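Student: Take a look at coords23.cif, mmCIF, C-alpha atoms and all ligand atoms:
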```cif
data_protein
#
loop_
_atom_site.label_atom_id
_atom_site.label_comp_id
_atom_site.auth_asym_id
_atom_site.auth_seq_id
_atom_site.Cartn_x
_atom_site.Cartn_y
_atom_site.Cartn_z
CA MET G 1 2.07 -28.78 2.79
CA LYS G 2 1.32 -25.16 2.01
CA LYS G 3 4.14 -22.68 2.46
CA LYS G 4 3.35 -20.25 5.27
CA ILE G 5 3.79 -16.52 4.85
CA LEU G 6 3.74 -14.22 7.87
CA VAL G 7 1.86 -11.01 7.08
CA THR G 8 2.40 -8.13 9.51
CA GLY G 9 -0.47 -5.66 9.28
CA GLY G 10 -2.51 -8.35 7.55
CA LEU G 11 -5.84 -6.78 8.53
CA GLY G 12 -5.05 -3.40 6.97
CA PHE G 13 -6.15 -2.16 3.56
CA ILE G 14 -3.38 -3.67 1.45
CA GLY G 15 -2.61 -6.48 3.90
CA SER G 16 -6.12 -7.92 3.91
CA HIS G 17 -6.34 -8.04 0.11
CA THR G 18 -2.90 -9.64 -0.02
CA VAL G 19 -3.91 -12.30 2.53
CA VAL G 20 -6.75 -13.35 0.19
CA CYS G 21 -4.47 -13.40 -2.88
CA LEU G 22 -1.82 -15.42 -0.99
CA HIS G 23 -4.43 -18.03 -0.09
CA GLU G 24 -5.65 -18.16 -3.69
CA ALA G 25 -2.05 -18.67 -4.86
CA GLY G 26 -1.64 -21.70 -2.57
CA PHE G 27 0.13 -20.12 0.40
CA GLU G 28 -1.02 -20.14 4.03
CA PRO G 29 -1.08 -16.59 5.40
CA ILE G 30 -0.43 -16.05 9.12
CA ILE G 31 -1.41 -12.60 10.39
CA ILE G 32 0.05 -10.37 13.09
CA ASP G 33 -1.74 -7.04 13.49
CA ASN G 34 -2.32 -4.81 16.52
CA LEU G 35 -5.49 -3.22 15.09
CA SER G 36 -3.99 0.25 15.49
CA ASN G 37 -5.21 1.27 12.05
CA SER G 38 -7.38 -1.71 11.11
CA GLN G 39 -10.46 -3.45 12.37
CA MET G 40 -11.52 -7.01 13.11
CA SER G 41 -14.25 -6.63 10.49
CA ALA G 42 -11.49 -7.18 7.90
CA MET G 43 -11.19 -10.72 9.25
CA GLY G 44 -14.89 -11.21 8.49
CA GLY G 45 -14.24 -10.06 4.93
CA ILE G 46 -11.28 -12.42 4.58
CA LYS G 47 -13.32 -15.31 5.96
CA SER G 48 -16.18 -14.65 3.57
CA LEU G 49 -13.75 -14.81 0.65
CA ILE G 50 -11.53 -17.77 1.60
CA GLY G 51 -13.91 -19.77 3.78
CA PHE G 52 -11.99 -19.71 7.06
CA GLU G 53 -10.12 -17.38 9.41
CA PRO G 54 -6.36 -17.51 8.99
CA THR G 55 -4.20 -17.74 12.11
CA PHE G 56 -4.18 -14.30 13.71
CA VAL G 57 -2.24 -12.81 16.62
CA ASN G 58 -3.21 -9.40 17.99
CA ALA G 59 0.18 -7.86 18.79
CA ASN G 60 2.62 -5.15 17.85
CA VAL G 61 5.57 -6.20 15.68
CA ASN G 62 7.80 -4.42 18.19
CA ASP G 63 6.88 -7.18 20.65
CA THR G 64 9.81 -9.40 19.76
CA GLU G 65 8.77 -12.17 22.15
CA VAL G 66 5.39 -12.62 20.49
CA LEU G 67 6.86 -12.30 17.01
CA SER G 68 9.59 -14.85 17.81
CA GLN G 69 7.07 -17.33 19.18
CA LEU G 70 4.85 -16.92 16.14
CA ILE G 71 7.81 -17.65 13.87
CA ILE G 72 8.89 -20.64 15.98
CA ASP G 73 5.34 -22.02 15.89
CA HIS G 74 4.74 -21.55 12.17
CA LYS G 75 8.15 -21.45 10.47
CA PRO G 76 7.09 -19.07 7.69
CA GLU G 77 9.05 -19.09 4.43
CA ALA G 78 8.80 -15.32 4.14
CA ILE G 79 7.46 -12.23 5.86
CA ILE G 80 5.48 -9.47 4.20
CA HIS G 81 5.91 -6.45 6.43
CA PHE G 82 2.95 -4.08 6.00
CA ALA G 83 2.59 -2.98 9.62
CA ALA G 84 3.40 0.73 9.52
CA PHE G 85 1.73 4.12 9.80
CA LYS G 86 1.07 5.93 6.53
CA ALA G 87 -0.44 9.38 7.03
CA VAL G 88 1.88 12.19 5.97
CA GLY G 89 0.20 14.93 8.05
CA GLU G 90 0.03 12.80 11.18
CA SER G 91 3.73 12.00 10.81
CA VAL G 92 4.52 15.71 10.94
CA GLU G 93 2.53 16.01 14.19
CA LYS G 94 3.82 12.80 15.77
CA PRO G 95 7.26 12.08 14.31
CA LEU G 96 8.43 9.89 17.19
CA MET G 97 5.40 7.66 16.81
CA TYR G 98 6.28 7.21 13.13
CA TYR G 99 9.96 6.46 13.72
CA GLU G 100 9.03 4.07 16.52
CA ASN G 101 6.48 2.15 14.52
CA ASN G 102 7.98 2.26 11.02
CA VAL G 103 11.72 2.18 11.73
CA VAL G 104 12.02 0.48 15.13
CA GLY G 105 9.26 -1.91 14.02
CA LEU G 106 11.26 -2.90 10.93
CA ILE G 107 14.41 -3.38 13.02
CA SER G 108 12.45 -5.62 15.42
CA VAL G 109 11.20 -7.71 12.53
CA LEU G 110 14.74 -8.02 11.13
CA GLU G 111 16.23 -8.95 14.50
CA VAL G 112 13.67 -11.69 15.00
CA MET G 113 14.11 -12.90 11.41
CA LYS G 114 17.87 -13.12 11.86
CA ALA G 115 17.60 -14.92 15.19
CA GLN G 116 15.10 -17.39 13.78
CA GLY G 117 16.90 -17.97 10.47
CA ILE G 118 14.27 -16.39 8.19
CA SER G 119 15.77 -14.47 5.29
CA ASN G 120 12.91 -13.59 2.92
CA LEU G 121 11.17 -10.24 3.26
CA VAL G 122 8.74 -8.14 1.23
CA PHE G 123 8.85 -4.50 2.32
CA SER G 124 6.23 -1.79 1.72
CA SER G 125 7.98 1.26 0.38
CA SER G 126 6.39 4.19 -1.38
CA CYS G 127 6.77 6.47 -4.38
CA THR G 128 7.07 9.23 -1.79
CA VAL G 129 10.82 8.47 -1.80
CA TYR G 130 11.05 10.14 -5.25
CA GLY G 131 9.77 13.45 -3.87
CA GLU G 132 9.16 15.91 -6.72
CA PRO G 133 11.01 14.11 -9.50
CA ASP G 134 12.95 16.00 -12.17
CA GLN G 135 11.47 13.69 -14.83
CA VAL G 136 8.41 11.51 -15.16
CA PRO G 137 7.83 8.62 -15.36
CA VAL G 138 10.17 7.63 -12.56
CA LEU G 139 12.43 4.60 -12.85
CA GLU G 140 13.76 2.62 -9.90
CA THR G 141 17.10 4.28 -10.69
CA THR G 142 15.66 7.81 -10.54
CA PRO G 143 17.45 9.58 -7.67
CA THR G 144 15.39 9.93 -4.52
CA LYS G 145 14.87 13.37 -3.00
CA PRO G 146 15.11 14.53 0.61
CA ALA G 147 12.01 13.35 2.44
CA GLN G 148 9.21 15.91 2.78
CA SER G 149 7.81 14.35 5.97
CA PRO G 150 8.76 11.97 8.77
CA TYR G 151 6.60 9.37 7.01
CA GLY G 152 8.70 9.71 3.84
CA ALA G 153 11.87 9.59 5.91
CA THR G 154 10.80 6.31 7.53
CA LYS G 155 10.37 4.73 4.08
CA GLN G 156 13.78 5.97 2.93
CA MET G 157 15.37 4.72 6.16
CA GLY G 158 13.63 1.37 5.73
CA GLU G 159 15.16 0.98 2.28
CA ILE G 160 18.63 1.89 3.60
CA ILE G 161 18.34 -0.53 6.52
CA LEU G 162 17.34 -3.34 4.17
CA LYS G 163 20.13 -2.58 1.69
CA ASP G 164 22.61 -2.65 4.59
CA ASN G 165 21.31 -6.07 5.67
CA ALA G 166 21.31 -7.58 2.19
CA SER G 167 24.19 -9.92 3.10
CA TRP G 168 21.72 -12.15 4.94
CA CYS G 169 18.22 -10.79 4.21
CA LYS G 170 16.71 -11.13 0.75
CA THR G 171 14.29 -8.24 0.20
CA GLN G 172 11.69 -7.41 -2.38
CA CYS G 173 11.23 -3.70 -1.82
CA LEU G 174 7.99 -2.53 -3.43
CA ARG G 175 7.50 1.17 -4.03
CA TYR G 176 3.73 1.62 -4.11
CA PHE G 177 2.20 4.45 -6.06
CA ASN G 178 -1.39 5.41 -5.06
CA PRO G 179 -3.37 2.32 -3.97
CA ILE G 180 -7.15 2.70 -4.26
CA GLY G 181 -10.14 0.48 -5.08
CA ALA G 182 -11.44 -2.47 -3.12
CA HIS G 183 -12.12 -6.17 -3.53
CA PRO G 184 -14.54 -6.61 -6.47
CA THR G 185 -17.06 -8.31 -4.17
CA ALA G 186 -16.89 -5.38 -1.72
CA ALA G 187 -15.97 -7.86 1.01
CA LEU G 188 -12.79 -5.87 1.71
CA GLY G 189 -11.73 -2.27 1.28
CA GLU G 190 -10.18 0.69 3.02
CA LEU G 191 -11.42 1.63 6.49
CA PRO G 192 -10.10 5.15 7.12
CA LEU G 193 -10.37 6.28 10.72
CA GLY G 194 -11.74 9.79 11.15
CA ILE G 195 -11.62 12.34 8.36
CA PRO G 196 -9.80 10.80 5.40
CA ASN G 197 -6.66 12.50 4.09
CA ASN G 198 -6.57 10.64 0.82
CA LEU G 199 -8.48 11.55 -2.29
CA ILE G 200 -10.61 8.46 -2.88
CA PRO G 201 -11.97 7.84 0.62
CA TYR G 202 -12.74 11.56 0.92
CA LEU G 203 -14.43 11.50 -2.48
CA THR G 204 -16.56 8.42 -1.77
CA GLN G 205 -17.56 9.76 1.66
CA THR G 206 -18.58 13.04 0.02
CA VAL G 207 -20.73 11.31 -2.56
CA ALA G 208 -22.24 9.20 0.23
CA GLY G 209 -23.25 12.42 1.99
CA LEU G 210 -20.86 12.05 4.92
CA ARG G 211 -18.85 15.13 3.85
CA ASN G 212 -20.17 18.35 2.33
CA GLU G 213 -17.88 18.56 -0.66
CA LEU G 214 -14.51 17.51 -1.89
CA THR G 215 -11.85 20.19 -2.10
CA VAL G 216 -9.50 19.85 -5.05
CA PHE G 217 -6.18 21.00 -3.67
CA GLY G 218 -5.04 23.51 -6.29
CA ASN G 219 -5.71 23.90 -10.03
CA ASP G 220 -2.78 26.12 -10.90
CA TYR G 221 -0.09 23.46 -11.19
CA ASP G 222 1.99 22.94 -14.30
CA THR G 223 -0.17 20.07 -15.61
CA PRO G 224 -2.67 19.97 -18.51
CA ASP G 225 -5.70 20.78 -16.30
CA GLY G 226 -3.76 22.40 -13.47
CA THR G 227 -4.39 19.64 -10.90
CA CYS G 228 -1.84 17.17 -9.56
CA ILE G 229 -1.15 13.90 -11.33
CA ARG G 230 -0.72 10.50 -9.64
CA ASP G 231 -0.41 6.86 -10.65
CA TYR G 232 -3.46 5.25 -9.04
CA ILE G 233 -3.24 1.50 -8.69
CA HIS G 234 -6.00 -0.99 -7.87
CA VAL G 235 -5.40 -2.66 -4.48
CA MET G 236 -6.02 -6.08 -6.08
CA ASP G 237 -3.22 -5.48 -8.59
CA LEU G 238 -1.02 -4.38 -5.71
CA ALA G 239 -1.91 -7.50 -3.70
CA GLU G 240 -1.06 -9.67 -6.71
CA ALA G 241 2.32 -7.94 -6.97
CA HIS G 242 3.04 -9.11 -3.40
CA VAL G 243 2.26 -12.70 -4.36
CA LYS G 244 4.71 -12.43 -7.28
CA ALA G 245 7.33 -10.98 -4.95
CA VAL G 246 6.85 -13.81 -2.44
CA GLU G 247 7.09 -16.40 -5.21
CA ARG G 248 10.31 -14.85 -6.44
CA LEU G 249 11.75 -15.06 -2.91
CA VAL G 250 10.70 -18.61 -2.06
CA GLN G 251 11.70 -19.91 -5.48
CA ASN G 252 15.09 -18.26 -4.99
CA LYS G 253 14.85 -16.34 -8.25
CA GLN G 254 16.27 -13.06 -7.00
CA GLU G 255 19.22 -11.75 -8.99
CA GLU G 256 20.31 -9.54 -6.12
CA ASN G 257 19.49 -9.80 -2.43
CA PHE G 258 17.92 -6.33 -2.38
CA GLU G 259 15.55 -5.84 -5.28
CA LEU G 260 13.48 -2.75 -5.85
CA PHE G 261 10.31 -2.44 -7.94
CA ASN G 262 7.91 0.35 -8.82
CA ILE G 263 4.37 -0.88 -8.28
CA GLY G 264 2.17 1.34 -10.39
CA THR G 265 0.23 1.20 -13.63
CA GLY G 266 2.52 3.50 -15.59
CA ASN G 267 -0.41 5.92 -16.20
CA GLY G 268 -0.87 9.27 -14.53
CA PHE G 269 -4.28 10.84 -13.90
CA SER G 270 -5.09 14.29 -12.58
CA VAL G 271 -7.45 14.92 -9.66
CA LEU G 272 -10.08 16.28 -12.09
CA GLU G 273 -9.70 13.21 -14.34
CA VAL G 274 -10.28 10.99 -11.32
CA ILE G 275 -13.45 12.92 -10.44
CA GLN G 276 -14.68 12.71 -14.05
CA SER G 277 -13.97 8.99 -14.20
CA PHE G 278 -15.83 8.42 -10.92
CA GLU G 279 -18.83 10.39 -12.16
CA LYS G 280 -18.93 8.54 -15.48
CA GLU G 281 -18.45 5.03 -14.10
CA ASN G 282 -20.94 5.41 -11.28
CA ASN G 283 -23.30 7.83 -12.96
CA ILE G 284 -23.29 10.13 -9.95
CA GLN G 285 -22.03 13.67 -9.36
CA VAL G 286 -19.10 14.45 -7.07
CA PRO G 287 -19.77 17.76 -5.25
CA HIS G 288 -16.42 19.53 -5.39
CA LYS G 289 -14.77 22.92 -5.35
CA ILE G 290 -11.30 24.15 -6.13
CA GLY G 291 -9.33 25.11 -3.04
CA PRO G 292 -5.78 26.18 -2.27
CA ARG G 293 -2.80 23.92 -2.77
CA ARG G 294 -2.02 21.43 0.00
CA ALA G 295 1.44 21.90 1.49
CA GLY G 296 3.91 19.23 0.47
CA ASP G 297 2.00 17.90 -2.56
CA VAL G 298 4.13 16.63 -5.42
CA VAL G 299 2.94 18.07 -8.76
CA LYS G 300 3.16 14.93 -10.85
CA VAL G 301 4.51 11.44 -10.46
CA TRP G 302 3.87 8.17 -12.21
CA ALA G 303 5.83 4.97 -12.58
CA ASP G 304 7.97 3.53 -15.29
CA THR G 305 6.97 -0.11 -14.93
CA THR G 306 9.41 -1.71 -17.37
CA LYS G 307 11.49 -3.37 -14.63
CA VAL G 308 8.57 -4.79 -12.67
CA ASN G 309 6.87 -5.98 -15.87
CA ASN G 310 9.97 -7.74 -17.19
CA VAL G 311 11.77 -8.89 -14.06
CA LEU G 312 8.96 -9.62 -11.59
CA GLY G 313 6.59 -10.65 -14.38
CA TRP G 314 3.79 -8.47 -13.00
CA THR G 315 1.65 -5.91 -14.78
CA ALA G 316 -1.31 -4.00 -13.40
CA LYS G 317 -4.46 -5.31 -15.10
CA ARG G 318 -7.17 -3.03 -13.77
CA GLY G 319 -7.94 0.43 -15.10
CA LEU G 320 -9.12 3.63 -13.44
CA ASP G 321 -12.73 2.79 -14.39
CA GLU G 322 -12.60 -0.43 -12.37
CA MET G 323 -10.91 1.35 -9.45
CA MET G 324 -13.75 3.90 -9.40
CA ARG G 325 -16.49 1.28 -9.50
CA ASP G 326 -14.93 -0.89 -6.79
CA SER G 327 -14.22 2.11 -4.53
CA TRP G 328 -17.85 3.21 -4.76
CA ASN G 329 -19.25 -0.29 -4.22
CA TRP G 330 -17.13 -0.56 -1.09
CA GLN G 331 -18.47 2.76 0.22
CA LEU G 332 -22.04 1.59 -0.48
CA LYS G 333 -21.33 -1.62 1.41
CA LEU G 334 -20.01 0.38 4.39
CA GLN G 335 -23.19 2.45 4.38
CA LYS G 336 -25.32 -0.68 4.65
CA ASN G 337 -23.46 -1.98 7.72
N1 LIG O 401 -6.40 15.54 -3.10
C1 LIG O 401 -7.39 16.52 -3.23
N2 LIG O 401 -8.35 16.60 -2.27
C2 LIG O 401 -8.39 15.78 -1.19
C3 LIG O 401 -7.39 14.78 -1.06
C4 LIG O 401 -6.41 14.70 -2.02
O1 LIG O 401 -7.40 17.28 -4.19
O2 LIG O 401 -9.28 15.93 -0.34
C5 LIG O 401 -5.37 15.43 -4.13
C6 LIG O 401 -3.96 15.65 -3.60
O3 LIG O 401 -3.64 17.03 -3.62
C7 LIG O 401 -3.13 14.83 -4.60
C8 LIG O 401 -4.07 13.69 -4.98
O4 LIG O 401 -5.39 14.11 -4.64
O5 LIG O 401 -2.89 15.59 -5.75
C9 LIG O 401 -3.76 12.40 -4.25
O6 LIG O 401 -3.69 12.67 -2.86
P1 LIG O 401 -3.67 11.52 -1.79
O7 LIG O 401 -3.66 12.18 -0.44
O8 LIG O 401 -4.77 10.55 -2.07
O9 LIG O 401 -2.30 10.74 -2.06
P2 LIG O 401 -0.78 11.27 -2.08
O10 LIG O 401 -0.39 11.27 -3.52
O11 LIG O 401 -0.73 12.60 -1.44
O12 LIG O 401 -0.06 10.22 -1.32
#
```
Represent the structure contained in this file as structure tokens.
Tutor:
Amino acid sequence: MKKKILVTGGLGFIGSHTVVCLHEAGFEPIIIDNLSNSQMSAMGGIKSLIGFEPTFVNANVNDTEVLSQLIIDHKPEAIIHFAAFKAVGESVEKPLMYYENNVVGLISVLEVMKAQGISNLVFSSSCTVYGEPDQVPVLETTPTKPAQSPYGATKQMGEIILKDNASWCKTQCLRYFNPIGAHPTAALGELPLGIPNNLIPYLTQTVAGLRNELTVFGNDYDTPDGTCIRDYIHVMDLAEAHVKAVERLVQNKQEENFELFNIGTGNGFSVLEVIQSFEKENNIQVPHKIGPRRAGDVVKVWADTTKVNNVLGWTAKRGLDEMMRDSWNWQLKLQKN
């Protein structure tokens, strides 16, 4: 019988790709998602890729009764906890909503796990915990900096809560860098609600004519071309990292109960390099202008991936060129619908 994996937020951007990769790796994904930042169309994408609709419950993870019943019914071997809010600016405007969803939500999941005897968890953390690092690339041992936003604080608190529960809960804590791209078939991708905050959805919507032009937030930073540098990672690589993390948990291979991994490519690209790559790969211009800096932006951050490569046995396989092609194909697919 296939091992079941409960995926909270399994219809979101990273969750939906991970559901497909879990199925392909021989697991049975079970989804709980309240559609607060996702859409049922993701289920259509999943179905088109794996041939059926996985078990799905429309509920908030804070609803401990529903979550408990789902666990009793399916007895998952592990939980991948994606369900969380992720917009920095929104978190500044609505901090309580972020603490409620991201921190109280995690506590609810842990309480139910403990009560039901489940002790394997994959947690979505973020490179935001490094803040503006003193040195790049950042290692898992690089000291974290005070959070710049309630969103960042919720990720730091999540890590602390999980470390403090390591006596009974085995955690794979994955610090994502900048996830972009889409499924290579364009069956799945990111569905930003409203005006996108992130670079790639804003860029693809601009090229598609939905926005006038992309503003590059500052070109006077201390970087080779003056624009900020990030470690962009293809969502398929990220999804595959989750499968590796789940395998490590269910095969009991963890060396410590709380394990932390950087999930990036190890390469940093500037905003202008991303625009150039997009233009070259898709043979289309990106209307853009240079604007002022965006408050709170880190100048440069990219991952040291030695630990994740050697210990988890995972390496990102897809380059920026592929990320640019898949992001654009996804936008084109959205236009057709
Ligand atoms: N960025 C930009 N214009 C935009 C959105 C983002 O120049 O409309 C830049 C942003 O300043 C940062 C990079 O693109 O240097 C990545 O930003 P994003 O919001 O995608 O991710 P973050 O690293 O902030 O989580």
Student: Would you kindly return, as a list in words, each protein, DNA or RNA residue with an atom no farther than 9 Å from any atom of G:Pro292, considering only C-alpha atoms and excluding same-chain residues fewer than 3 positions away?
Tutor: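 Neighbouring residues, sequence-local ones excluded: Thr215, Val216, Phe217, Gly218 and Asn219 of chain G.
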Student: Dump the neighbourhood of ligand LIG 401 (chain O) as a list in words: all residues within 8 Å, distances computed on all atoms listed in the file.
Tutor: Val88, Thr128, Phe177, Asn178, Pro196, Asn197, Asn198, Leu199, Ile200, Tyr202, Leu203, Leu214, Thr215, Val216, Phe217, Gly218, Thr227, Cys228, Ile229, Arg230, Ser270, Val271, Arg293, Arg294, Asp297, Val298, Val299 and Lys300 of chain G
Student: Please report, as JSON lines, each residue of stretch 79-105 of chain G lying at most 12 Å from stretch 38-47 of chain G, together with the nearest pair of atoms and the separation in Å rounded to one decimal; use only C-alpha atoms, and order rows by chain and ascending residue number.
Tutor:
```
{"residue": "G:Phe82", "atom": "CA", "partner": "G:Ser38", "partner_atom": "CA", "distance": 11.8}
{"residue": "G:Ala83", "atom": "CA", "partner": "G:Ser38", "partner_atom": "CA", "distance": 10.2}
{"residue": "G:Ala84", "atom": "CA", "partner": "G:Ser38", "partner_atom": "CA", "distance": 11.2}
{"residue": "G:Phe85", "atom": "CA", "partner": "G:Ser38", "partner_atom": "CA", "distance": 10.9}
```
Student: Work out how far atom CA of G:Glu322 is from atom CA of G:Gly51, in Å to one decimal.
Tutor: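 Taking atom CA of G:Gly51 and atom CA of G:Glu322, their separation equals 25.2 Å.
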Student: If you count only C-alpha atoms, which residues fall within 6 Å of stretch 254-267 of chain G, apart from same-chain ones fewer than 3 positions away, as an MDAnalysis selection string?
Tutor: chainID G and resid 163 166 170:177 231 233 302:305 308 316
Student: Write out as a PyMOL selection string which residues come within 10 Å of G:Glu190 when counting only C-alpha atoms, dropping same-chain ones fewer than 5 positions away.
Tutor: chain G and resi 12-14+16-17+38+42+179-183+200-201+235+327+330-331+334
Student: Looking at G:Gly10, G:Pro150, G:Gly117, G:Gly268, which one is nearest to G:Val138, with distances taken over only C-alpha atoms?
Tutor: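 That would be G:Gly268, the residue with the smallest distance to G:Val138.
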Student: Would you please work out which residue, of G:Met113, G:Ala59, G:Ile107, G:Ala241, is nearest to G:Gly313 when using all atoms listed in the file?
Tutor: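 Smallest distance to G:Gly313 is found for G:Ala241.
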Student: What is the distance, in Å and to one decimal place, between atom CA of G:Glu273 and atom CA of G:Leu320?
Tutor: 9.6 Å
Student: Counting only C-alpha atoms, figure out which residue out of G:Lys280, G:His242, G:Lys145, G:Arg248 gets nearest to G:Thr315.
Tutor: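 Using only C-alpha atoms, the shortest distance to G:Thr315 belongs to G:His242.
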Student: Give me, please, the distance in Å between atom CA of G:Phe27 and atom CA of G:Leu191, quoted to one decimal.
Tutor: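 Separation of atom CA of G:Phe27 and atom CA of G:Leu191: 25.4 Å.
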Student: Please return the centre and edge lengths, in Å to one decimal, of a box with edges along x, y and z that contains all listed atoms of stretch 115-129 of chain G, widened by 6 Å on every side, as lines of an AutoDock Vina configuration file.
Tutor:
```
center_x = 11.9
center_y = -4.4
center_z = 5.4
size_x = 23.4
size_y = 39.2
size_z = 31.6
```
Student: Taking all atoms listed in the file into account, which of G:Ile32, G:Ile80, G:Ala147, G:Val19 comes nearest G:Asn60?
Tutor: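 Smallest separation from G:Asn60 among the options: G:Ile32.
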Student: Set out as JSON lines a contact list for stretch 226-264 of chain G and stretch 72-77 of chain G with a cut-off of 9 Å, giving each residue of stretch 226-264 of chain G that qualifies its closest atom pair and distance in Å to one decimal, counting only C-alpha atoms, ordered by chain and rising residue number.
Tutor:
```
{"residue": "G:Val246", "atom": "CA", "partner": "G:Glu77", "partner_atom": "CA", "distance": 8.9}
{"residue": "G:Leu249", "atom": "CA", "partner": "G:Glu77", "partner_atom": "CA", "distance": 8.8}
{"residue": "G:Val250", "atom": "CA", "partner": "G:Glu77", "partner_atom": "CA", "distance": 6.7}
```
Student: Could you please take those selected residues and save C-alpha atoms as a PDB file, keeping the file's coordinate frame?
Tutor:
```pdb
ATOM      1  CA  VAL G 246       6.850 -13.810  -2.440  1.00  0.00           C
ATOM      2  CA  LEU G 249      11.750 -15.060  -2.910  1.00  0.00           C
ATOM      3  CA  VAL G 250      10.700 -18.610  -2.060  1.00  0.00           C
TER       4      VAL G 250
END
```
Student: Which of these residues is nearest to G:Gln116, using all atoms listed in the file: G:Thr64, G:Thr142, G:Asn165, G:Gln148?
Tutor: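 For G:Gln116, the nearest of the given residues is G:Thr64.
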Student: Rank nothing, just name the residue among G:Ile195, G:Val301, G:Leu272, G:Ala245 nearest to G:Ala87, using all atoms listed in the file.
Tutor: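 Nearest candidate to G:Ala87 out of G:Ile195, G:Val301, G:Leu272, G:Ala245: G:Ile195.
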Student: Around the point (7.0, -9.7, 16.8) (coordinates from the file), which residues reach within 12 Å if we count all atoms listed in the file? Answer as a PyMOL selection string.
Tutor: chain G and resi 6-9+31-34+57-72+79+81+83+104-113+115-116
